[in-house]
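Peer 1: So here's query11.txt (compact mmCIF, C-alpha atoms).
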# COMPACT_ATOMS: atom_id res chain seq x y z
CA MET A 1 8.45 -82.48 -40.40
CA LYS A 2 7.65 -80.14 -37.65
CA ARG A 3 5.41 -77.33 -38.85
CA LYS A 4 5.90 -73.87 -37.52
CA LYS A 5 2.92 -72.63 -35.55
CA SER A 6 0.93 -70.16 -37.62
CA PHE A 7 -1.02 -67.30 -36.15
CA GLU A 8 -2.39 -63.93 -37.17
CA ILE A 9 -0.26 -60.86 -36.69
CA ASN A 10 -2.83 -58.45 -35.37
CA ASP A 11 -2.57 -54.89 -33.97
CA LYS A 12 -2.27 -56.18 -30.43
CA LEU A 13 0.72 -58.29 -31.34
CA ILE A 14 2.30 -55.43 -33.28
CA ASP A 15 1.94 -53.19 -30.22
CA LYS A 16 3.66 -55.84 -28.12
CA ILE A 17 6.44 -56.16 -30.71
CA ILE A 18 6.97 -52.38 -30.70
CA SER A 19 7.01 -52.29 -26.89
CA ALA A 20 9.49 -55.15 -26.79
CA ALA A 21 11.68 -53.46 -29.38
CA TYR A 22 11.71 -50.19 -27.44
CA GLY A 23 12.24 -52.04 -24.16
CA ASP A 24 8.93 -50.83 -22.65
CA ALA A 25 7.11 -54.19 -22.58
CA ASN A 26 6.61 -56.21 -19.42
CA ILE A 27 8.40 -59.50 -18.97
CA PHE A 28 5.47 -61.68 -20.17
CA ASP A 29 5.02 -59.69 -23.36
CA LYS A 30 8.76 -59.80 -23.98
CA LEU A 31 8.77 -63.59 -23.62
CA GLU A 32 5.72 -63.94 -25.82
CA VAL A 33 7.29 -61.81 -28.56
CA TYR A 34 10.62 -63.60 -28.19
CA PHE A 35 9.09 -67.07 -28.68
CA LYS A 36 6.85 -65.95 -31.48
CA ALA A 37 9.81 -64.35 -33.25
CA ARG A 38 11.69 -67.61 -33.00
CA ASN A 39 8.83 -69.50 -34.57
CA ASN A 40 7.66 -66.92 -37.08
CA ASN A 41 9.84 -65.13 -39.62
CA GLU A 42 7.42 -62.30 -40.12
CA VAL A 43 7.35 -61.54 -36.39
CA LYS A 44 11.15 -61.74 -36.28
CA ARG A 45 11.42 -59.37 -39.24
CA LEU A 46 9.10 -56.87 -37.58
CA LEU A 47 10.91 -57.12 -34.27
CA ASP A 48 14.31 -56.57 -35.91
CA SER A 49 12.97 -53.64 -37.87
CA TYR A 50 11.49 -51.94 -34.77
CA ARG A 51 14.64 -52.69 -32.77
CA ALA A 52 16.76 -50.95 -35.40
CA THR A 53 14.44 -47.93 -35.31
CA ALA A 54 14.45 -47.95 -31.51
CA GLU A 55 18.24 -47.94 -31.47
CA GLU A 56 18.31 -44.99 -33.81
CA VAL A 57 15.78 -43.16 -31.67
CA HIS A 58 17.73 -43.84 -28.50
CA GLN A 59 20.89 -42.57 -30.13
CA LEU A 60 19.30 -39.19 -30.71
CA GLY A 61 20.69 -36.70 -28.24
CA GLU A 62 19.36 -33.36 -27.05
CA GLU A 63 20.29 -30.44 -29.18
CA GLU A 64 20.44 -26.89 -28.06
CA TYR A 65 18.71 -24.25 -30.05
CA GLU A 66 19.11 -20.54 -29.86
CA ASP A 67 16.39 -18.72 -27.96
CA ARG A 68 15.42 -17.02 -31.18
CA SER A 69 14.53 -20.30 -32.85
CA ILE A 70 12.29 -21.20 -29.91
CA HIS A 71 10.47 -17.91 -30.18
CA PHE A 72 9.30 -18.70 -33.69
CA ARG A 73 7.31 -21.64 -34.81
CA GLY A 74 6.03 -22.53 -38.23
CA THR A 75 2.40 -23.28 -38.91
CA GLN A 76 1.06 -25.83 -41.33
CA ASN A 77 0.50 -23.05 -43.84
CA GLY A 78 4.13 -22.17 -43.75
CA ILE A 79 3.37 -18.82 -42.11
CA VAL A 80 5.69 -18.11 -39.25
CA GLU A 81 4.06 -16.82 -36.12
CA GLU A 82 5.80 -15.33 -33.15
CA SER A 83 5.06 -16.99 -29.86
CA TYR A 84 5.61 -15.09 -26.63
CA ASN A 85 8.10 -16.65 -24.31
CA SER A 86 6.76 -14.85 -21.28
CA PHE A 87 6.26 -15.89 -17.71
CA ILE A 88 2.49 -15.69 -18.14
CA THR A 89 2.55 -18.03 -21.13
CA ASP A 90 4.68 -20.52 -19.23
CA PHE A 91 2.49 -20.24 -16.19
CA LEU A 92 -0.72 -20.77 -18.15
CA THR A 93 0.82 -23.69 -20.01
CA ILE A 94 1.71 -25.38 -16.73
CA ILE A 95 -1.77 -24.78 -15.36
CA PHE A 96 -3.77 -25.91 -18.37
CA SER A 97 -1.53 -28.77 -19.46
CA ARG A 98 -2.00 -30.52 -16.12
CA SER A 99 -5.48 -31.54 -15.22
CA THR A 100 -4.83 -31.45 -11.46
CA ALA A 101 -3.46 -27.92 -11.57
CA SER A 102 -6.30 -26.84 -13.81
CA LEU A 103 -8.83 -28.38 -11.42
CA ALA A 104 -7.15 -26.73 -8.43
CA VAL A 105 -7.29 -23.31 -10.07
CA THR A 106 -10.95 -23.78 -11.00
CA ILE A 107 -11.79 -24.86 -7.47
CA PHE A 108 -9.83 -21.93 -6.03
CA ILE A 109 -11.76 -19.47 -8.19
CA ILE A 110 -15.11 -21.01 -7.24
CA ALA A 111 -14.11 -21.10 -3.57
CA ALA A 112 -12.98 -17.47 -3.75
CA VAL A 113 -16.34 -16.42 -5.11
CA VAL A 114 -18.19 -18.47 -2.50
CA ALA A 115 -15.96 -17.15 0.28
CA THR A 116 -16.44 -13.58 -0.88
CA LEU A 117 -20.20 -13.97 -1.04
CA PHE A 118 -20.79 -15.95 2.13
CA VAL A 119 -17.79 -15.65 4.41
CA TYR A 120 -16.69 -12.03 3.92
CA ARG A 121 -19.77 -10.03 4.65
CA PRO A 122 -19.96 -6.50 5.95
CA GLN A 123 -19.77 -6.62 9.69
CA GLU A 124 -22.89 -4.57 10.15
CA GLN A 125 -24.73 -7.00 12.35
CA LYS A 126 -21.77 -7.54 14.62
CA TYR A 127 -22.17 -4.29 16.51
CA SER A 128 -24.51 -3.77 19.40
CA GLN A 129 -26.55 -0.60 19.84
CA GLN A 130 -24.23 0.45 22.66
CA GLU A 131 -21.14 0.04 20.49
CA ILE A 132 -22.72 2.14 17.77
CA GLN A 133 -23.59 4.86 20.27
CA ILE A 134 -20.02 4.89 21.56
CA ALA A 135 -18.77 5.07 17.98
CA ASP A 136 -21.15 7.95 17.33
CA ARG A 137 -19.77 9.84 20.34
CA GLN A 138 -16.21 9.10 19.25
CA THR A 139 -16.90 10.30 15.72
CA ARG A 140 -18.34 13.53 17.08
CA LYS A 141 -15.38 13.92 19.40
CA ALA A 142 -12.92 13.33 16.55
CA LEU A 143 -14.68 15.87 14.37
CA ALA A 144 -14.89 18.29 17.28
CA ILE A 145 -11.11 18.01 17.73
CA VAL A 146 -10.69 18.75 14.02
CA GLY A 147 -13.05 21.72 14.44
CA LYS A 148 -11.13 22.95 17.49
CA ILE A 149 -7.85 22.96 15.56
CA PHE A 150 -9.53 24.74 12.64
CA ASN A 151 -10.99 27.33 15.04
CA GLN A 152 -7.67 27.84 16.78
CA THR A 153 -5.86 28.41 13.53
CA GLN A 154 -8.61 30.72 12.34
CA SER A 155 -8.46 32.76 15.55
CA THR A 156 -4.67 32.89 15.30
CA LEU A 157 -5.05 34.23 11.79
CA GLU A 158 -7.69 36.78 12.71
CA LYS A 159 -6.41 37.95 16.11
CA GLU A 160 -2.67 37.70 15.86
CA VAL A 161 -1.62 37.67 12.23
CA LEU A 162 -4.14 40.15 10.91
CA SER A 163 -4.08 42.44 13.95
CA GLU A 164 -0.32 42.39 14.40
CA ARG A 165 0.83 42.43 10.83
CA VAL A 166 -2.01 44.21 9.06
CA ALA A 167 -4.14 46.15 11.51
CA LYS A 168 -1.22 47.58 13.52
CA PRO A 169 0.57 49.09 10.51
CA ILE A 170 -2.77 50.40 9.27
CA ARG A 171 -3.44 51.99 12.68
CA GLU A 172 0.04 53.49 12.71
CA GLY A 173 -0.46 54.73 9.15
CA ILE A 174 -3.72 56.36 10.09
CA GLY A 175 -1.97 57.93 13.11
CA ILE A 176 0.68 59.43 10.86
CA VAL A 177 -1.97 60.76 8.47
CA ASN A 178 -3.89 62.25 11.38
CA TYR A 179 -0.74 63.82 12.75
CA LEU A 180 0.15 65.32 9.39
CA PHE A 181 -3.42 66.43 8.91
CA ASN A 182 -3.49 68.11 12.33
CA GLN A 183 -0.15 69.76 11.66
CA GLY A 184 -1.47 71.03 8.35
CA THR A 185 -4.61 72.54 9.85
CA LYS A 186 -2.58 74.31 12.58
CA GLN A 187 -0.38 76.06 10.05
CA MET B 1 -11.45 -38.23 -2.32
CA LYS B 2 -8.54 -36.35 -3.83
CA THR B 3 -10.88 -33.79 -5.39
CA TYR B 4 -12.70 -33.40 -2.10
CA LYS B 5 -9.45 -32.66 -0.26
CA LEU B 6 -8.37 -30.31 -2.99
CA PHE B 7 -11.66 -28.45 -2.75
CA LEU B 8 -11.35 -28.08 1.02
CA ILE B 9 -7.78 -26.77 0.77
CA ALA B 10 -8.70 -24.34 -2.00
CA PHE B 11 -11.80 -23.19 -0.14
CA PHE B 12 -10.00 -22.42 3.10
CA THR B 13 -7.11 -20.75 1.26
CA ALA B 14 -9.56 -18.59 -0.66
CA ALA B 15 -11.62 -17.90 2.44
CA LEU B 16 -8.50 -16.78 4.30
CA ALA B 17 -7.33 -14.68 1.40
CA PHE B 18 -10.65 -12.97 0.85
CA ALA B 19 -11.99 -12.81 4.36
CA GLN B 20 -9.08 -10.86 5.75
CA GLN B 21 -9.89 -7.64 7.54
CA ALA B 22 -9.39 -4.50 5.52
CA ASP B 23 -5.84 -3.24 5.71
CA TYR B 24 -6.16 0.49 6.17
CA THR B 25 -2.40 1.02 6.25
CA LYS B 26 -2.42 0.57 2.47
CA GLU B 27 -4.91 3.37 1.97
CA PRO B 28 -3.30 6.46 0.41
CA GLY B 29 -4.74 8.69 3.11
CA TYR B 30 -3.33 6.62 5.96
CA PHE B 31 -0.52 7.93 8.07
CA SER B 32 1.32 6.13 10.86
CA PHE B 33 1.73 8.06 14.11
CA ASP B 34 4.19 5.57 15.58
CA LYS B 35 7.20 7.87 15.54
CA LEU B 36 5.41 10.66 17.36
CA MET B 37 3.74 8.25 19.78
CA ASN B 38 7.17 7.37 21.14
CA TYR B 39 7.14 10.68 23.04
CA LYS B 40 3.97 9.79 24.94
CA SER B 41 4.26 10.04 28.71
CA GLY B 42 1.44 8.45 30.67
CA ASP B 43 -1.88 7.30 29.31
CA LEU B 44 -3.63 8.54 26.24
CA ILE B 45 -6.01 11.41 26.89
CA THR B 46 -8.11 10.59 23.88
CA GLU B 47 -8.02 7.54 21.71
CA VAL B 48 -10.43 7.12 18.85
CA TYR B 49 -10.07 4.31 16.34
CA LEU B 50 -13.09 3.77 14.15
CA GLU B 51 -13.07 1.49 11.15
CA GLU B 52 -15.28 1.60 8.08
CA PRO B 53 -18.11 -0.76 9.15
CA LEU B 54 -18.69 1.14 12.38
CA ILE B 55 -18.37 4.50 10.64
CA LYS B 56 -21.09 3.40 8.24
CA MET B 57 -23.38 2.65 11.16
CA VAL B 58 -22.65 6.08 12.62
CA ALA B 59 -23.35 7.63 9.22
CA LYS B 60 -26.78 6.02 9.20
CA MET B 61 -27.50 7.55 12.58
CA ALA B 62 -26.34 10.94 11.36
CA GLU B 63 -28.42 10.90 8.19
CA GLY B 64 -31.37 12.76 9.66
CA GLU B 65 -29.35 15.40 11.47
CA LYS B 66 -28.16 17.78 8.84
CA GLU B 67 -27.96 17.71 5.09
CA GLY B 68 -24.78 16.11 3.83
CA VAL B 69 -23.50 15.04 7.26
CA GLY B 70 -24.46 11.38 6.90
CA GLU B 71 -23.00 11.22 3.41
CA ALA B 72 -19.78 12.93 4.48
CA ILE B 73 -19.30 10.48 7.35
CA ASP B 74 -20.33 7.50 5.21
CA ALA B 75 -17.50 8.21 2.76
CA LEU B 76 -14.89 7.82 5.51
CA LYS B 77 -12.96 4.61 6.01
CA LEU B 78 -10.99 5.23 9.15
CA ILE B 79 -10.96 7.83 11.92
CA ARG B 80 -8.04 7.89 14.29
CA VAL B 81 -7.40 10.39 17.03
CA ASN B 82 -4.69 10.20 19.63
CA GLU B 83 -4.22 12.85 22.27
CA PHE B 84 -1.48 12.47 24.83
CA MET B 85 0.87 14.46 26.99
CA VAL B 86 4.60 14.72 26.50
CA GLU B 87 7.19 15.73 29.07
CA LYS B 88 8.02 19.44 29.09
CA ASN B 89 11.56 18.56 28.10
CA ASP B 90 10.29 16.72 25.06
CA ILE B 91 8.13 19.55 23.69
CA GLU B 92 10.99 21.00 21.73
CA LYS B 93 12.03 17.56 20.46
CA ILE B 94 8.55 16.70 19.26
CA GLU B 95 8.24 20.10 17.59
CA LYS B 96 11.41 19.31 15.71
CA GLU B 97 10.04 15.88 14.87
CA MET B 98 6.88 17.50 13.54
CA ALA B 99 8.94 19.92 11.48
CA SER B 100 10.88 17.02 9.99
CA LEU B 101 7.62 15.19 9.42
CA ASP B 102 6.34 18.23 7.58
CA GLY B 103 9.05 17.81 4.93
CA ASN B 104 8.46 14.08 4.62
CA LEU B 105 4.73 14.49 4.25
CA GLN B 106 5.09 16.95 1.45
CA THR B 107 7.35 14.58 -0.45
CA GLN B 108 4.63 11.93 0.00
CA LYS B 109 2.16 14.22 -1.79
CA TRP B 110 0.44 15.47 1.33
CA SER B 111 -0.48 19.13 0.97
CA ARG B 112 -0.22 21.35 3.99
CA ILE B 113 -3.29 23.55 4.14
CA ILE B 114 -2.71 25.12 7.56
CA LYS B 115 0.46 25.85 9.44
CA THR B 116 0.39 27.83 12.65
CA LYS B 117 3.22 28.37 15.01
CA LYS B 118 2.80 30.85 17.77
CA LYS B 119 4.24 30.86 21.27
CA ASP B 120 4.28 27.26 22.47
CA ASN B 121 1.61 26.23 20.04
CA TYR B 122 2.11 24.32 16.87
CA ALA B 123 -0.52 22.98 14.52
CA ASN B 124 -0.28 21.64 11.01
CA VAL B 125 -3.13 20.37 8.88
CA TYR B 126 -2.51 18.32 5.76
CA VAL B 127 -4.72 16.80 3.11
CA LYS B 128 -3.94 14.15 0.54
CA SER B 129 -5.43 14.62 -2.86
CA GLY B 130 -6.97 11.63 -4.56
CA GLY B 131 -7.77 13.28 -7.86
CA ALA B 132 -9.71 16.23 -9.11
CA ASN B 133 -11.27 18.09 -6.17
CA GLU B 134 -11.18 15.03 -4.01
CA TYR B 135 -9.29 14.35 -0.83
CA VAL B 136 -8.54 10.87 0.46
CA GLY B 137 -6.77 11.75 3.69
CA LEU B 138 -6.70 14.38 6.40
CA LEU B 139 -3.92 14.67 8.92
CA ILE B 140 -3.56 16.98 11.88
CA ALA B 141 -0.49 17.21 14.06
CA ALA B 142 -0.66 19.74 16.89
CA ILE B 143 0.97 20.46 20.21
CA ASP B 144 -0.01 23.10 22.76
CA LYS B 145 1.94 24.96 25.44
CA GLU B 146 1.10 22.36 28.13
CA GLY B 147 2.61 19.64 26.01
CA LYS B 148 -0.62 18.07 24.81
CA VAL B 149 -0.12 16.45 21.44
CA THR B 150 -3.10 15.95 19.14
CA LEU B 151 -2.82 13.62 16.18
CA VAL B 152 -5.74 13.06 13.84
CA ASN B 153 -5.86 10.93 10.73
CA ILE B 154 -9.04 10.58 8.73
CA VAL B 155 -8.95 8.18 5.79
CA GLY B 156 -11.52 8.05 3.01
CA ARG B 157 -13.21 10.45 0.64
CA ILE B 158 -13.15 13.68 2.54
CA ASP B 159 -15.56 16.52 1.92
CA LEU B 160 -13.64 19.28 3.66
CA ASP B 161 -16.49 21.74 3.41
CA THR B 162 -19.04 19.49 5.15
CA ILE B 163 -16.54 18.20 7.70
CA GLY B 164 -15.50 21.78 8.48
CA LYS B 165 -19.12 22.84 9.01
CA VAL B 166 -19.99 19.77 11.07
CA SER B 167 -16.87 20.12 13.19
CA LYS B 168 -17.67 23.70 14.09
CA GLU B 169 -21.27 22.95 14.94
CA LEU B 170 -20.63 19.98 17.17
CA ASN B 171 -21.56 20.62 20.75
CA LEU B 172 -18.97 19.20 23.03
CA PRO B 173 -18.78 21.38 26.13
CA HIS B 174 -15.24 20.43 27.20
CA MET B 175 -13.98 21.44 23.78
CA ASN B 176 -15.29 24.97 24.10
CA LYS B 177 -13.71 25.56 27.51
CA GLU B 178 -10.22 25.49 26.10
Can you dump the structure from the file as structure tokens?

Peer 2:
Amino acid sequence: MKRKKSFEINDKLIDKIISAAYGDANIFDKLEVYFKARNNNEVKRLLDSYRATAEEVHQLGEEEYEDRSIHFRGTQNGIVEESYNSFITDFLTIIFSRSTASLAVTIFIIAAVVATLFVYRPQEQKYSQQEIQIADRQTRKALAIVGKIFNQTQSTLEKEVLSERVAKPIREGIGIVNYLFNQGTKQ
Amino acid sequence: MKTYKLFLIAFFTAALAFAQQADYTKEPGYFSFDKLMNYKSGDLITEVYLEEPLIKMVAKMAEGEKEGVGEAIDALKLIRVNEFMVEKNDIEKIEKEMASLDGNLQTQKWSRIIKTKKKDNYANVYVKSGGANEYVGLLIAAIDKEGKVTLVNIVGRIDLDTIGKVSKELNLPHMNKE
């Protein structure tokens, strides 16, 4: 009588059985599990059991939930916390859930600091003495132009506005008073 | 290798982003002269364009001259002056343009502190407030009877008192002839 080959069903074999059941195993593992299942009832039973579960899992479809149910999640304590479905939360989740993105952001921040410290420096040393002297003259000229406009407006105010609109009526008023006064003294 | 490439890309992106030259057009005290410059006929009589780093150097030179002058100049970020002639026919047009500008400026929170209009002369001075007793912009738009347009825009923290005093005391002979 031909004896069935006996062997130990270890974790490695169970992993292979599960992979074969779910269809994820490579061809060699599939063959290995297939032949072992033919020769060993326990392996066959496990394989059938995982296959049945895998079929059930694959039959599960996507279900749509209302936004409201996504906004709330239960904790282990049974306390319901509100989670914020904001752009920032999504953005941060994307960044920190992916190591590459997280690394890129970290590098960008470090590079920004380095660039700010070493690349972007005040351009003080870039100017020659001659350029600074020209700039000095230009600054004085610009301020002198401002001063000229201020002076012009001040002189307009003093000479034209005050003399025409204030001094002239005052002069005329004084003239009238003088006239009346003279008339009064004559009488 | 991948990390190395990533670092280089991130570094140059950051360097570009942070090493850009200051954009003065975004300063609250900045004003664009472009519309008025369209009336320019011939070359500019005066063109001054001084940015913050150079102004700071000038401020250092001015420190010893008079109390407060260096500090007043140091607080400035940009000095722009454009003087140019316009055709006689355009004087009236540019005056109208300046009058229209006057309305726009006041809606943009510029306060007119001086307005003079006498025969063939027009000058408006505006300041932009940046908070309590602080000005962040000065703007002058003037035109004289010969058709010479003067546009001044000073950006930065402006101490009107010191700038007024300094302006009057500056000795530029050709300025006094006029």

Peer 1: Between B:Leu36, B:Val155, B:Met98, B:Ile140, which one has atoms that come closest to Ile149 in chain A, using only C-alpha atoms?

Peer 2: B:Ile140

Peer 1: Rounded to one decimal, what separation in Å do you get between CA of Lys141 in chain A and CA of Thr116 in chain B?

Peer 2: 22.1 Å

Peer 1: Mind giving me the straight-line distance from CA of Tyr30 in chain B to CA of Asp90 in chain B in Å, one decimal?

Peer 2: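 For CA of Tyr30 in chain B relative to CA of Asp90 in chain B, the distance reads 25.5 Å.
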
Peer 1: At a cut-off of 6 Å, which residues of chain A touch chain B? Count all atoms listed in the file and give the answer as a list in words.

Peer 2: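 Residues satisfying the distance criterion: Ile107, Phe108, Ala111, Ala112, Ala115, Tyr120, Asp136, Leu143, Ala144 and Gly147 of chain A.
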
Peer 1: Have a look at B:Ala99, B:Leu105, B:Leu160, B:Ile91 and name the one nearest to Glu146 in chain B; count only C-alpha atoms.

Peer 2: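 Checking each of B:Ala99, B:Leu105, B:Leu160, B:Ile91 against Glu146 in chain B, counting only C-alpha atoms, the winner is B:Ile91.
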
Peer 1: Which polymer residues, protein or nucleic acid, are no farther than 9 Å from (11.4, -54.5, -31.2), counting all atoms listed in the file, as number ranges by chain?

Peer 2: A: 16-23, 33, 44, 46-54

Peer 1: May I have the residues within 8 Å of Lys40 in chain B as a VMD selection string, using all atoms listed in the file and disregarding those fewer than 4 positions away in the same chain?

Peer 2: chain B and resid 36 44 84 to 87

Peer 1: In Å, rounded to a single decimal, give me how far CA of Ser41 in chain B is from CA of Ile143 in chain B.

Peer 2: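 One can read the CA of Ile143 in chain B to CA of Ser41 in chain B distance as 13.8 Å.
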
Peer 1: Using the file's own x, y and z axes, what box holds all listed atoms of range 73-92 of chain B with 6 Å on each side, keeping edges along x, y and z, and what are its centre and edge lengths in Å to one decimal, as JSON?

Peer 2:
{"center_x": -4.4, "center_y": 12.8, "center_z": 15.9, "size_x": 43.9, "size_y": 28.4, "size_z": 38.3}
